[in-house]
$ cat start25.csv   # CSV, C-alpha atoms and all ligand atoms
chain,number,residue,atom,x,y,z
B,1182,MET,CA,-49.7,2.5,-39.2
B,1183,GLU,CA,-50.2,5.9,-37.5
B,1184,LYS,CA,-47.8,5.6,-34.5
B,1185,VAL,CA,-44.2,5.3,-35.6
B,1186,ALA,CA,-41.1,4.7,-33.5
B,1187,VAL,CA,-37.8,5.6,-35.1
B,1188,LEU,CA,-34.7,4.1,-33.5
B,1189,GLY,CA,-31.5,6.3,-33.9
B,1190,CYS,CA,-31.5,10.0,-34.6
B,1191,GLY,CA,-28.4,10.1,-36.7
B,1192,LEU,CA,-28.1,11.0,-40.3
B,1193,MET,CA,-30.9,8.6,-41.5
B,1194,GLY,CA,-33.1,8.3,-38.4
B,1195,SER,CA,-33.5,12.1,-38.1
B,1196,GLY,CA,-34.6,12.2,-41.8
B,1197,ILE,CA,-37.0,9.3,-41.4
B,1198,ALA,CA,-38.5,10.8,-38.3
B,1199,GLN,CA,-38.9,14.2,-40.1
B,1200,VAL,CA,-40.7,12.8,-43.2
B,1201,CYS,CA,-43.0,10.6,-41.1
B,1202,ALA,CA,-43.9,13.6,-38.8
B,1203,GLN,CA,-44.4,15.9,-41.8
B,1204,ALA,CA,-46.8,13.4,-43.3
B,1205,GLY,CA,-48.9,13.5,-40.1
B,1206,ARG,CA,-47.7,10.5,-38.3
B,1207,ASP,CA,-47.1,10.5,-34.5
B,1208,VAL,CA,-43.4,9.8,-34.1
B,1209,THR,CA,-41.3,8.8,-31.2
B,1210,VAL,CA,-37.6,9.0,-32.0
B,1211,ILE,CA,-35.3,7.0,-29.7
B,1212,GLU,CA,-31.5,7.5,-29.1
B,1213,VAL,CA,-29.0,6.0,-26.7
B,1214,SER,CA,-28.6,9.2,-24.6
B,1215,GLU,CA,-30.3,12.5,-24.0
B,1216,GLU,CA,-27.3,14.2,-25.3
B,1217,LEU,CA,-27.3,12.4,-28.7
B,1218,LEU,CA,-31.1,12.9,-28.8
B,1219,SER,CA,-31.0,16.6,-28.5
B,1220,LYS,CA,-28.1,16.8,-31.0
B,1221,GLY,CA,-30.1,14.8,-33.5
B,1222,LEU,CA,-33.4,16.7,-32.9
B,1223,GLY,CA,-31.5,20.0,-33.0
B,1224,ARG,CA,-30.1,19.1,-36.5
B,1225,LEU,CA,-33.6,18.1,-37.6
B,1226,GLU,CA,-35.1,21.4,-36.4
B,1227,ALA,CA,-32.3,23.4,-38.0
B,1228,GLY,CA,-33.1,21.6,-41.3
B,1229,LEU,CA,-36.8,22.5,-41.0
B,1230,ASN,CA,-35.9,26.1,-40.2
B,1231,LYS,CA,-33.8,26.3,-43.3
B,1232,SER,CA,-36.7,25.1,-45.4
B,1233,VAL,CA,-38.9,27.8,-43.9
B,1234,GLU,CA,-36.2,30.4,-44.7
B,1235,ARG,CA,-36.0,29.2,-48.3
B,1236,GLY,CA,-39.8,29.4,-48.6
B,1237,LYS,CA,-40.1,25.6,-49.2
B,1238,LEU,CA,-42.1,25.0,-45.9
B,1239,SER,CA,-44.5,27.2,-44.0
B,1240,ALA,CA,-43.8,28.1,-40.4
B,1241,GLU,CA,-47.1,26.5,-39.5
B,1242,SER,CA,-46.1,23.2,-41.1
B,1243,ARG,CA,-42.8,23.3,-39.3
B,1244,ASP,CA,-44.5,23.8,-36.0
B,1245,GLN,CA,-47.0,21.0,-36.7
B,1246,THR,CA,-44.2,18.7,-37.7
B,1247,LEU,CA,-42.3,19.4,-34.5
B,1248,SER,CA,-45.4,19.0,-32.3
B,1249,ARG,CA,-45.8,15.4,-33.7
B,1250,LEU,CA,-42.2,14.5,-32.8
B,1251,HIS,CA,-41.4,13.1,-29.4
B,1252,GLY,CA,-37.8,12.2,-28.3
B,1253,SER,CA,-36.8,9.6,-25.8
B,1254,ALA,CA,-33.6,7.9,-24.5
B,1255,LYS,CA,-35.6,4.8,-23.4
B,1256,LEU,CA,-36.3,1.9,-25.7
B,1257,GLU,CA,-39.5,1.2,-23.6
B,1258,ASP,CA,-41.1,4.3,-25.2
B,1259,ALA,CA,-41.5,2.3,-28.5
B,1260,ALA,CA,-44.2,0.3,-26.7
B,1261,GLY,CA,-47.2,1.9,-28.4
B,1262,ALA,CA,-45.8,1.9,-31.9
B,1263,ASP,CA,-47.6,0.3,-34.9
B,1264,LEU,CA,-44.4,0.5,-36.9
B,1265,VAL,CA,-40.8,0.6,-35.6
B,1266,ILE,CA,-38.2,1.8,-38.1
B,1267,GLU,CA,-34.7,1.0,-37.0
B,1268,ALA,CA,-31.8,3.3,-38.2
B,1269,ILE,CA,-29.1,2.6,-35.5
B,1270,VAL,CA,-25.4,1.8,-36.2
B,1271,GLU,CA,-24.6,-0.7,-38.9
B,1272,ASN,CA,-23.6,-3.4,-36.4
B,1273,LEU,CA,-25.3,-6.8,-36.3
B,1274,ASP,CA,-24.7,-7.5,-32.6
B,1275,GLU,CA,-26.0,-4.0,-31.6
B,1276,LYS,CA,-29.1,-4.4,-33.9
B,1277,ASN,CA,-29.9,-7.9,-32.6
B,1278,LYS,CA,-29.6,-6.9,-28.9
B,1279,THR,CA,-32.0,-4.0,-29.6
B,1280,TYR,CA,-34.4,-6.2,-31.6
B,1281,SER,CA,-34.7,-8.9,-28.9
B,1282,ARG,CA,-35.5,-6.3,-26.2
B,1283,LEU,CA,-37.9,-4.5,-28.6
B,1284,ASP,CA,-39.7,-7.8,-29.2
B,1285,GLN,CA,-40.6,-7.9,-25.5
B,1286,ILE,CA,-41.5,-4.2,-25.4
B,1287,CYS,CA,-43.8,-3.9,-28.4
B,1288,GLY,CA,-47.3,-5.2,-28.9
B,1289,PRO,CA,-47.8,-8.4,-31.1
B,1290,ALA,CA,-49.2,-6.4,-34.0
B,1291,ALA,CA,-46.2,-4.0,-34.3
B,1292,VAL,CA,-44.2,-4.3,-37.5
B,1293,PHE,CA,-40.4,-4.1,-37.3
B,1294,ALA,CA,-38.5,-2.5,-40.2
B,1295,SER,CA,-34.7,-2.1,-40.6
B,1296,ASN,CA,-33.1,0.6,-42.6
B,1297,THR,CA,-29.9,-1.4,-43.0
B,1298,SER,CA,-27.8,-0.9,-46.2
B,1299,SER,CA,-25.8,-4.1,-46.1
B,1300,LEU,CA,-26.9,-6.6,-43.4
B,1301,SER,CA,-29.4,-9.3,-44.2
B,1302,ILE,CA,-32.9,-8.7,-42.9
B,1303,THR,CA,-33.1,-12.5,-42.1
B,1304,GLN,CA,-30.0,-12.2,-39.8
B,1305,MET,CA,-31.9,-9.6,-37.7
B,1306,MET,CA,-35.3,-11.1,-37.9
B,1307,ILE,CA,-34.1,-14.3,-36.1
B,1308,ALA,CA,-33.4,-12.2,-32.9
B,1309,THR,CA,-37.2,-11.9,-32.5
B,1310,SER,CA,-40.0,-14.4,-31.7
B,1311,PRO,CA,-41.5,-16.6,-34.5
B,1312,GLU,CA,-44.7,-14.5,-34.6
B,1313,ARG,CA,-42.7,-11.3,-35.0
B,1314,GLN,CA,-40.6,-12.8,-37.7
B,1315,ARG,CA,-43.5,-12.7,-40.1
B,1316,ARG,CA,-43.9,-9.0,-39.3
B,1317,PHE,CA,-40.2,-8.2,-40.0
B,1318,ILE,CA,-39.2,-6.3,-43.1
B,1319,GLY,CA,-36.6,-4.0,-44.5
B,1320,MET,CA,-37.4,-0.4,-45.3
B,1321,HIS,CA,-34.3,1.1,-47.0
B,1322,PHE,CA,-34.4,4.9,-47.3
B,1323,PHE,CA,-31.8,7.0,-49.2
B,1324,ASN,CA,-29.8,9.9,-48.1
B,1325,PRO,CA,-30.8,12.7,-47.7
B,1326,VAL,CA,-34.2,11.2,-46.7
B,1327,PRO,CA,-36.3,14.4,-47.0
B,1328,VAL,CA,-35.1,14.7,-50.6
B,1329,MET,CA,-34.7,11.2,-52.0
B,1330,LYS,CA,-38.0,9.6,-53.1
B,1331,LEU,CA,-37.1,5.9,-53.1
B,1332,VAL,CA,-37.8,3.3,-50.4
B,1333,GLU,CA,-36.8,-0.3,-51.0
B,1334,VAL,CA,-39.3,-2.5,-49.2
B,1335,VAL,CA,-37.5,-5.8,-48.4
B,1336,ARG,CA,-39.3,-9.1,-47.7
B,1337,THR,CA,-37.7,-12.2,-46.3
B,1338,ILE,CA,-38.8,-15.7,-47.3
B,1339,ILE,CA,-41.3,-15.8,-44.3
B,1340,THR,CA,-42.6,-12.2,-44.3
B,1341,ASP,CA,-46.4,-12.0,-44.3
B,1342,PRO,CA,-47.4,-10.5,-47.7
B,1343,GLU,CA,-50.0,-8.3,-45.9
B,1344,VAL,CA,-47.1,-6.7,-43.9
B,1345,CYS,CA,-45.3,-5.9,-47.1
B,1346,ALA,CA,-48.5,-4.4,-48.6
B,1347,LYS,CA,-48.9,-2.2,-45.5
B,1348,ALA,CA,-45.2,-1.0,-45.7
B,1349,VAL,CA,-45.8,-0.1,-49.4
B,1350,GLU,CA,-48.9,1.8,-48.5
B,1351,PHE,CA,-47.2,3.5,-45.6
B,1352,SER,CA,-44.2,4.5,-47.8
B,1353,ARG,CA,-46.6,6.1,-50.4
B,1354,GLY,CA,-48.4,7.8,-47.5
B,1355,ILE,CA,-45.2,9.6,-46.4
B,1356,GLY,CA,-44.6,10.8,-50.0
B,1357,LYS,CA,-42.1,8.2,-51.1
B,1358,VAL,CA,-42.0,5.8,-54.0
B,1359,PRO,CA,-41.7,2.2,-52.8
B,1360,VAL,CA,-40.2,-0.7,-54.8
B,1361,GLN,CA,-40.3,-4.3,-53.5
B,1362,THR,CA,-37.3,-6.6,-53.3
B,1363,SER,CA,-36.3,-9.8,-51.7
B,1364,ASP,CA,-33.7,-10.1,-48.9
B,1365,ARG,CA,-30.4,-10.3,-50.9
B,1366,THR,CA,-27.4,-8.2,-49.8
B,1367,GLY,CA,-27.5,-4.9,-51.6
B,1368,PHE,CA,-31.2,-5.1,-52.5
B,1369,ILE,CA,-31.7,-3.5,-55.9
B,1370,VAL,CA,-29.8,-0.2,-55.9
B,1371,ASN,CA,-26.5,-1.3,-54.3
B,1372,ARG,CA,-26.5,-4.6,-56.2
B,1373,LEU,CA,-26.3,-2.6,-59.4
B,1374,LEU,CA,-24.5,0.5,-58.2
B,1375,VAL,CA,-21.6,-1.0,-56.2
B,1376,PRO,CA,-20.2,-3.2,-59.1
B,1377,TYR,CA,-20.4,-0.1,-61.4
B,1378,MET,CA,-18.4,1.9,-59.0
B,1379,LEU,CA,-15.8,-0.9,-58.5
B,1380,ASP,CA,-15.6,-1.4,-62.3
B,1381,ALA,CA,-14.7,2.2,-62.8
B,1382,ILE,CA,-11.9,1.8,-60.3
B,1383,ARG,CA,-10.7,-1.3,-62.2
B,1384,ALA,CA,-10.8,0.6,-65.5
B,1385,LEU,CA,-8.6,3.3,-63.9
B,1386,GLU,CA,-6.2,0.6,-62.6
B,1387,GLU,CA,-6.0,-0.9,-66.0
B,1388,GLY,CA,-5.2,2.5,-67.6
B,1389,VAL,CA,-8.3,2.7,-69.7
B,1390,ALA,CA,-8.7,6.4,-69.0
B,1391,SER,CA,-8.1,9.1,-66.4
B,1392,ILE,CA,-10.4,9.9,-63.4
B,1393,VAL,CA,-11.6,13.1,-65.1
B,1394,ASP,CA,-12.3,11.4,-68.5
B,1395,ILE,CA,-14.1,8.4,-67.0
B,1396,ASP,CA,-16.3,10.8,-64.9
B,1397,ALA,CA,-17.0,13.0,-68.0
B,1398,ALA,CA,-17.7,9.9,-70.2
B,1399,MET,CA,-20.4,8.6,-67.8
B,1400,LYS,CA,-21.9,12.0,-67.2
B,1401,LEU,CA,-22.1,13.1,-70.8
B,1402,GLY,CA,-22.5,9.6,-72.4
B,1403,CYS,CA,-25.1,8.2,-70.1
B,1404,GLY,CA,-26.7,11.4,-68.7
B,1405,TYR,CA,-25.8,10.5,-65.1
B,1406,PRO,CA,-25.8,13.5,-62.8
B,1407,MET,CA,-22.2,12.7,-61.7
B,1408,GLY,CA,-19.4,10.4,-62.8
B,1409,PRO,CA,-18.4,7.2,-60.8
B,1410,PHE,CA,-15.4,8.8,-59.0
B,1411,THR,CA,-17.3,11.9,-57.9
B,1412,LEU,CA,-20.0,9.6,-56.7
B,1413,THR,CA,-17.6,7.3,-54.8
B,1414,ASP,CA,-16.1,10.3,-53.1
B,1415,PHE,CA,-19.6,11.4,-52.0
B,1416,VAL,CA,-20.6,7.9,-50.7
B,1417,GLY,CA,-17.2,7.5,-49.0
B,1418,LEU,CA,-14.4,5.1,-50.1
B,1419,ASP,CA,-14.5,3.4,-46.6
B,1420,THR,CA,-18.3,2.8,-46.9
B,1421,THR,CA,-17.9,1.6,-50.5
B,1422,TYR,CA,-15.1,-0.8,-49.4
B,1423,TYR,CA,-17.1,-2.1,-46.4
B,1424,ILE,CA,-20.2,-2.8,-48.5
B,1425,ALA,CA,-18.2,-4.4,-51.3
B,1426,ASN,CA,-16.6,-6.8,-48.9
B,1427,ILE,CA,-20.0,-7.8,-47.4
B,1428,MET,CA,-21.4,-8.3,-51.0
B,1429,PHE,CA,-18.4,-10.3,-52.0
B,1430,ASP,CA,-18.7,-12.4,-48.9
B,1431,GLU,CA,-22.4,-13.2,-49.8
B,1432,PHE,CA,-22.1,-13.8,-53.6
B,1433,ARG,CA,-18.4,-14.8,-54.1
B,1434,GLU,CA,-18.5,-13.0,-57.5
B,1435,LYS,CA,-15.6,-11.0,-58.9
B,1436,ARG,CA,-17.8,-8.0,-59.7
B,1437,PHE,CA,-18.3,-7.4,-56.0
B,1438,ALA,CA,-14.6,-7.8,-55.1
B,1439,PRO,CA,-13.0,-4.5,-53.9
B,1440,PRO,CA,-10.1,-3.6,-56.2
B,1441,PRO,CA,-6.6,-3.3,-54.6
B,1442,LEU,CA,-6.5,0.5,-55.4
B,1443,LEU,CA,-9.7,1.0,-53.3
B,1444,LYS,CA,-8.3,-1.0,-50.4
B,1445,ARG,CA,-5.0,1.0,-50.4
B,1446,MET,CA,-6.8,4.3,-50.6
B,1447,VAL,CA,-9.0,3.4,-47.6
B,1448,MET,CA,-5.9,2.3,-45.7
B,1449,ALA,CA,-4.1,5.6,-46.5
B,1450,GLY,CA,-7.1,7.6,-45.2
B,1451,LEU,CA,-8.3,8.8,-48.6
B,1452,HIS,CA,-12.0,8.4,-47.7
B,1453,GLY,CA,-13.5,10.9,-50.2
B,1454,ARG,CA,-15.2,14.2,-49.5
B,1455,LYS,CA,-15.6,13.7,-45.8
B,1456,SER,CA,-11.8,13.3,-45.3
B,1457,GLY,CA,-10.9,16.1,-47.9
B,1458,ARG,CA,-9.3,13.6,-50.3
B,1459,GLY,CA,-10.4,10.6,-52.3
B,1460,PHE,CA,-10.3,10.3,-56.1
B,1461,TYR,CA,-10.2,14.2,-56.0
B,1462,ASP,CA,-8.6,16.6,-53.6
B,1463,TYR,CA,-11.2,19.0,-52.1
B,1464,GLN,CA,-8.8,21.6,-50.6
B,1465,ASP,CA,-10.6,24.0,-52.9
B,1466,PRO,CA,-14.1,22.5,-52.9
B,1467,GLU,CA,-15.3,24.5,-55.9
B,1468,ASN,CA,-12.4,23.2,-58.0
B,1469,PRO,CA,-11.6,19.6,-56.9
B,1470,LYS,CA,-8.3,18.3,-58.3
B,1471,PRO,CA,-8.0,14.6,-59.5
B,1472,LEU,CA,-5.6,12.4,-57.6
B,1473,SER,CA,-2.4,11.8,-59.5
B,1474,LEU,CA,-1.7,8.1,-59.5
T,1,LIG,N1,-25.7,6.9,-44.3
T,1,LIG,C1,-26.4,6.5,-45.4
T,1,LIG,O1,-26.2,7.1,-46.5
T,1,LIG,C2,-27.4,5.4,-45.3
T,1,LIG,C3,-28.3,5.2,-46.3
T,1,LIG,C4,-29.2,4.1,-46.1
T,1,LIG,C5,-29.2,3.3,-45.0
T,1,LIG,N2,-28.3,3.6,-44.0
T,1,LIG,C6,-28.4,2.7,-42.8
T,1,LIG,O2,-29.0,3.5,-41.8
T,1,LIG,C7,-28.5,3.1,-40.5
T,1,LIG,C8,-28.0,4.3,-39.7
T,1,LIG,O3,-27.1,4.9,-40.5
T,1,LIG,P1,-26.7,6.5,-40.3
T,1,LIG,O4,-25.9,6.9,-41.5
T,1,LIG,O5,-27.9,7.3,-39.9
T,1,LIG,O6,-25.7,6.3,-39.0
T,1,LIG,P2,-25.4,7.4,-37.9
T,1,LIG,O7,-24.2,7.0,-37.2
T,1,LIG,O8,-25.5,8.8,-38.4
T,1,LIG,O9,-26.7,7.3,-36.8
T,1,LIG,C9,-26.9,6.1,-36.0
T,1,LIG,C10,-27.4,6.6,-34.7
T,1,LIG,O10,-28.0,5.5,-34.0
T,1,LIG,C11,-27.7,5.7,-32.6
T,1,LIG,N3,-27.8,4.4,-31.9
T,1,LIG,C12,-26.8,3.5,-31.8
T,1,LIG,N4,-27.3,2.4,-31.1
T,1,LIG,C13,-28.6,2.7,-30.8
T,1,LIG,C14,-29.6,2.1,-30.1
T,1,LIG,N5,-29.3,0.8,-29.5
T,1,LIG,N6,-30.8,2.7,-29.9
T,1,LIG,C15,-31.0,3.9,-30.5
T,1,LIG,N7,-30.1,4.6,-31.1
T,1,LIG,C16,-28.9,4.0,-31.3
T,1,LIG,C17,-26.4,6.4,-32.6
T,1,LIG,O11,-26.2,7.1,-31.4
T,1,LIG,C18,-26.4,7.3,-33.8
T,1,LIG,O12,-26.9,8.6,-33.5
T,1,LIG,C19,-27.5,2.0,-40.8
T,1,LIG,O13,-28.1,0.7,-40.7
T,1,LIG,C20,-27.1,2.3,-42.2
T,1,LIG,O14,-26.6,1.1,-42.9
T,1,LIG,C21,-27.4,4.6,-44.1
$ encode --input "start25.csv" --output "structure tokens"
Amino acid sequence: MEKVAVLGCGLMGSGIAQVCAQAGRDVTVIEVSEELLSKGLGRLEAGLNKSVERGKLSAESRDQTLSRLHGSAKLEDAAGADLVIEAIVENLDEKNKTYSRLDQICGPAAVFASNTSSLSITQMMIATSPERQRRFIGMHFFNPVPVMKLVEVVRTIITDPEVCAKAVEFSRGIGKVPVQTSDRTGFIVNRLLVPYMLDAIRALEEGVASIVDIDAAMKLGCGYPMGPFTLTDFVGLDTTYYIANIMFDEFREKRFAPPPLLKRMVMAGLHGRKSGRGFYDYQDPENPKPLSL
């Protein structure tokens, strides 16, 4: 799979396009408008320039990477791709509209891969023709893509095993470590991580310990790089709430149910780092202060 089309040049799409081009693939990255495209590609180039300044990338590699990247605001330009990686907004209608058009545009051998975090691959796959459905998978990258090694390769109950094997090989070829999982909401990482984050909030609600002490306990007791509240502030409380609701809807199990405190914090606009306040107040980012409840 040498020719790759990446749909969306936002946070994830720009990172995916970058790692594919850095690994020598020919990449067409597609956005909805020229304006958003140049914004996304500008961010990508700025990131590469920073790596050069820090001595992590040679100027020659940066130039080669950029020469392999082509931008477009037309979905038709995905026509020649062997692999299409979709990283557009997390909205099923939007994704399915795009997939049904893409199915007409791309050749019969092209593989479609979604980077969705919370939607089911099967729900998107059915927007395409029966032949394509066997060539439809999930490829779930992690943020920031150039840094995070993991890719969850997701198969549906009808995915051709050969397509999965190709996606695994492709992921290794771009320097990632693939793991394989079936199409269940949350895949591996979020299925285990989201209940852990929600449970920490429940422990706080029940008065087990303070925000600072729960964070310190999990950092020092388990060797985690950060505690659950610092992590939830990073991910975003709104995103965590959104994913928890989707997982609860799928499994109907209490461990996925968003606790009332999370819901209220989201309603009150305490979305974590990005909004300046979550479980900590980031007015002084070097010295975050825990929320007093
Ligand atoms: N943010 C994360 O940490 C993360 C991690 C893993 C997976 N994801 C998944 O990746 C996908 C993208 O997330 P993001 O955080 O990069 O979002 P984002 O909002 O930063 O980027 C999405 C981009 O897609 C573009 N877009 C929308 N409709 C399009 C279309 N029809 N064709 C082409 N481009 C279109 C938007 O203009 C936007 O620039 C989502 O499915 C999300 O669930 C996100």
$ atom_distance --input "start25.csv" --atom1 "atom CA of Thr1297 of chain B" --atom2 "atom CA of Ser1195 of chain B"
14.8 Å
$ closest_atom_pairs --input "start25.csv" --of "chain B" --to "ligand LIG 1 (chain T)" --cutoff "6 Å" --atoms "all atoms listed in the file" --output "tab-separated table"
residue	atom	partner	partner_atom	distance
B:Leu1188	CA	T:LIG1	C15	4.8
B:Gly1189	CA	T:LIG1	N7	3.6
B:Cys1190	CA	T:LIG1	O12	4.9
B:Gly1191	CA	T:LIG1	O9	3.3
B:Leu1192	CA	T:LIG1	O5	3.7
B:Met1193	CA	T:LIG1	O5	3.6
B:Gly1194	CA	T:LIG1	O5	5.5
B:Ile1211	CA	T:LIG1	C15	5.4
B:Glu1212	CA	T:LIG1	N7	3.8
B:Val1213	CA	T:LIG1	N7	4.7
B:Ala1268	CA	T:LIG1	C7	4.0
B:Ile1269	CA	T:LIG1	O10	3.4
B:Val1270	CA	T:LIG1	C9	4.6
B:Glu1271	CA	T:LIG1	O13	4.2
B:Thr1279	CA	T:LIG1	N5	5.5
B:Asn1296	CA	T:LIG1	O2	5.1
B:Thr1297	CA	T:LIG1	O13	3.6
B:Ser1298	CA	T:LIG1	O14	4.0
B:His1321	CA	T:LIG1	C5	5.9
B:Phe1322	CA	T:LIG1	C4	5.4
B:Phe1323	CA	T:LIG1	C3	4.9
B:Asn1324	CA	T:LIG1	O1	4.8
$ closest_residue --input "start25.csv" --among "B:Thr1340, B:Ser1456, B:Thr1309, B:Ser1391" --to "Phe1415 of chain B" --atoms "only C-alpha atoms"
B:Ser1456
$ residues_around --input "start25.csv" --residues "Ser1352 of chain B" --least-positions-apart "2" --cutoff "10 Å" --atoms "all atoms listed in the file" --output "PyMOL selection string"
chain B and resi 1201+1320+1322+1330-1334+1346-1350+1354-1360
$ atom_distance --input "start25.csv" --atom1 "atom CA of Asp1263 of chain B" --atom2 "atom CA of Ser1219 of chain B"
24.1 Å
$ residues_near_point --input "start25.csv" --point "(-15.5, 20.4, -54.3)" --cutoff "12 Å" --atoms "all atoms listed in the file" --output "MDAnalysis selection string"
chainID B and resid 1411:1412 1414:1415 1453:1455 1457:1471
$ axis_aligned_box --input "start25.csv" --around "segment 1265-1281 of chain B" --padding-each-side "8 Å" --output "JSON"
{"center_x": -32.2, "center_y": -2.8, "center_z": -33.9, "size_x": 33.2, "size_y": 28.2, "size_z": 26.0}
$ atom_distance --input "start25.csv" --atom1 "atom CA of Ala1227 of chain B" --atom2 "atom CA of Pro1327 of chain B"
13.3 Å
$ residues_near_point --input "start25.csv" --point "(-19.8, -1.4, -59.8)" --cutoff "10 Å" --atoms "only C-alpha atoms" --output "PyMOL selection string"
chain B and resi 1371-1383+1409+1421+1425+1436-1439
$ residues_around --input "start25.csv" --residues "Ile1286 of chain B" --least-positions-apart "5" --cutoff "10 Å" --atoms "all atoms listed in the file" --output "PyMOL selection string"
chain B and resi 1256-1262+1280-1281
$ write_last_selection --input "start25.csv" --atoms "C-alpha atoms" --output "PDB file, in the coordinates of the input"
ATOM      1  CA  LEU B1256     -36.300   1.900 -25.700  1.00  0.00           C
ATOM      2  CA  GLU B1257     -39.500   1.200 -23.600  1.00  0.00           C
ATOM      3  CA  ASP B1258     -41.100   4.300 -25.200  1.00  0.00           C
ATOM      4  CA  ALA B1259     -41.500   2.300 -28.500  1.00  0.00           C
ATOM      5  CA  ALA B1260     -44.200   0.300 -26.700  1.00  0.00           C
ATOM      6  CA  GLY B1261     -47.200   1.900 -28.400  1.00  0.00           C
ATOM      7  CA  ALA B1262     -45.800   1.900 -31.900  1.00  0.00           C
ATOM      8  CA  TYR B1280     -34.400  -6.200 -31.600  1.00  0.00           C
ATOM      9  CA  SER B1281     -34.700  -8.900 -28.900  1.00  0.00           C
TER      10      SER B1281
END
$ residues_around --input "start25.csv" --residues "segment 1384-1390 of chain B" --least-positions-apart "5" --cutoff "9 Å" --atoms "all atoms listed in the file" --output "list in words"
Leu1379, Ile1395, Pro1440, Pro1441 and Leu1442 of chain B
$ closest_residue --input "start25.csv" --among "B:Leu1300, B:Val1328, B:Ala1294, B:Leu1418" --to "Arg1316 of chain B" --atoms "all atoms listed in the file"
B:Ala1294
$ closest_residue --input "start25.csv" --among "B:Gly1252, B:Glu1226, B:Ser1301, B:Val1185" --to "Met1428 of chain B" --atoms "only C-alpha atoms"
B:Ser1301
$ residues_around --input "start25.csv" --residues "Ile1307 of chain B" --least-positions-apart "3" --cutoff "10 Å" --atoms "all atoms listed in the file" --output "ChimeraX atom specification"
/B:1277,1280-1281,1302-1304,1310-1311,1313-1314,1317
$ build_atoms --input "start25.csv" --residues "segment 1195-1207 of chain B" --atoms "N, CA and C atoms" --output "PDB file, in the frame of the given file"
ATOM      1  N   SER B1195     -32.916  10.750 -38.225  1.00  0.00           N
ATOM      2  CA  SER B1195     -33.500  12.100 -38.100  1.00  0.00           C
ATOM      3  C   SER B1195     -34.328  12.404 -39.359  1.00  0.00           C
ATOM      4  N   GLY B1196     -33.821  12.008 -40.533  1.00  0.00           N
ATOM      5  CA  GLY B1196     -34.600  12.200 -41.800  1.00  0.00           C
ATOM      6  C   GLY B1196     -35.837  11.440 -41.852  1.00  0.00           C
ATOM      7  N   ILE B1197     -35.769  10.185 -41.412  1.00  0.00           N
ATOM      8  CA  ILE B1197     -37.000   9.300 -41.400  1.00  0.00           C
ATOM      9  C   ILE B1197     -38.017   9.867 -40.479  1.00  0.00           C
ATOM     10  N   ALA B1198     -37.567  10.250 -39.273  1.00  0.00           N
ATOM     11  CA  ALA B1198     -38.500  10.800 -38.300  1.00  0.00           C
ATOM     12  C   ALA B1198     -39.150  12.073 -38.860  1.00  0.00           C
ATOM     13  N   GLN B1199     -38.352  12.905 -39.514  1.00  0.00           N
ATOM     14  CA  GLN B1199     -38.900  14.200 -40.100  1.00  0.00           C
ATOM     15  C   GLN B1199     -39.965  13.880 -41.138  1.00  0.00           C
ATOM     16  N   VAL B1200     -39.671  12.991 -42.112  1.00  0.00           N
ATOM     17  CA  VAL B1200     -40.700  12.800 -43.200  1.00  0.00           C
ATOM     18  C   VAL B1200     -41.941  12.134 -42.645  1.00  0.00           C
ATOM     19  N   CYS B1201     -41.800  11.268 -41.649  1.00  0.00           N
ATOM     20  CA  CYS B1201     -43.000  10.600 -41.100  1.00  0.00           C
ATOM     21  C   CYS B1201     -43.855  11.682 -40.354  1.00  0.00           C
ATOM     22  N   ALA B1202     -43.196  12.550 -39.574  1.00  0.00           N
ATOM     23  CA  ALA B1202     -43.900  13.600 -38.800  1.00  0.00           C
ATOM     24  C   ALA B1202     -44.554  14.596 -39.809  1.00  0.00           C
ATOM     25  N   GLN B1203     -43.822  14.929 -40.854  1.00  0.00           N
ATOM     26  CA  GLN B1203     -44.400  15.900 -41.800  1.00  0.00           C
ATOM     27  C   GLN B1203     -45.591  15.332 -42.529  1.00  0.00           C
ATOM     28  N   ALA B1204     -45.648  14.008 -42.635  1.00  0.00           N
ATOM     29  CA  ALA B1204     -46.800  13.400 -43.300  1.00  0.00           C
ATOM     30  C   ALA B1204     -47.926  13.085 -42.289  1.00  0.00           C
ATOM     31  N   GLY B1205     -47.811  13.632 -41.080  1.00  0.00           N
ATOM     32  CA  GLY B1205     -48.900  13.500 -40.100  1.00  0.00           C
ATOM     33  C   GLY B1205     -48.866  12.363 -39.174  1.00  0.00           C
ATOM     34  N   ARG B1206     -47.768  11.589 -39.197  1.00  0.00           N
ATOM     35  CA  ARG B1206     -47.700  10.500 -38.300  1.00  0.00           C
ATOM     36  C   ARG B1206     -47.181  10.947 -36.906  1.00  0.00           C
ATOM     37  N   ASP B1207     -47.587  10.207 -35.883  1.00  0.00           N
ATOM     38  CA  ASP B1207     -47.100  10.500 -34.500  1.00  0.00           C
ATOM     39  C   ASP B1207     -45.807   9.746 -34.343  1.00  0.00           C
TER      40      ASP B1207
END
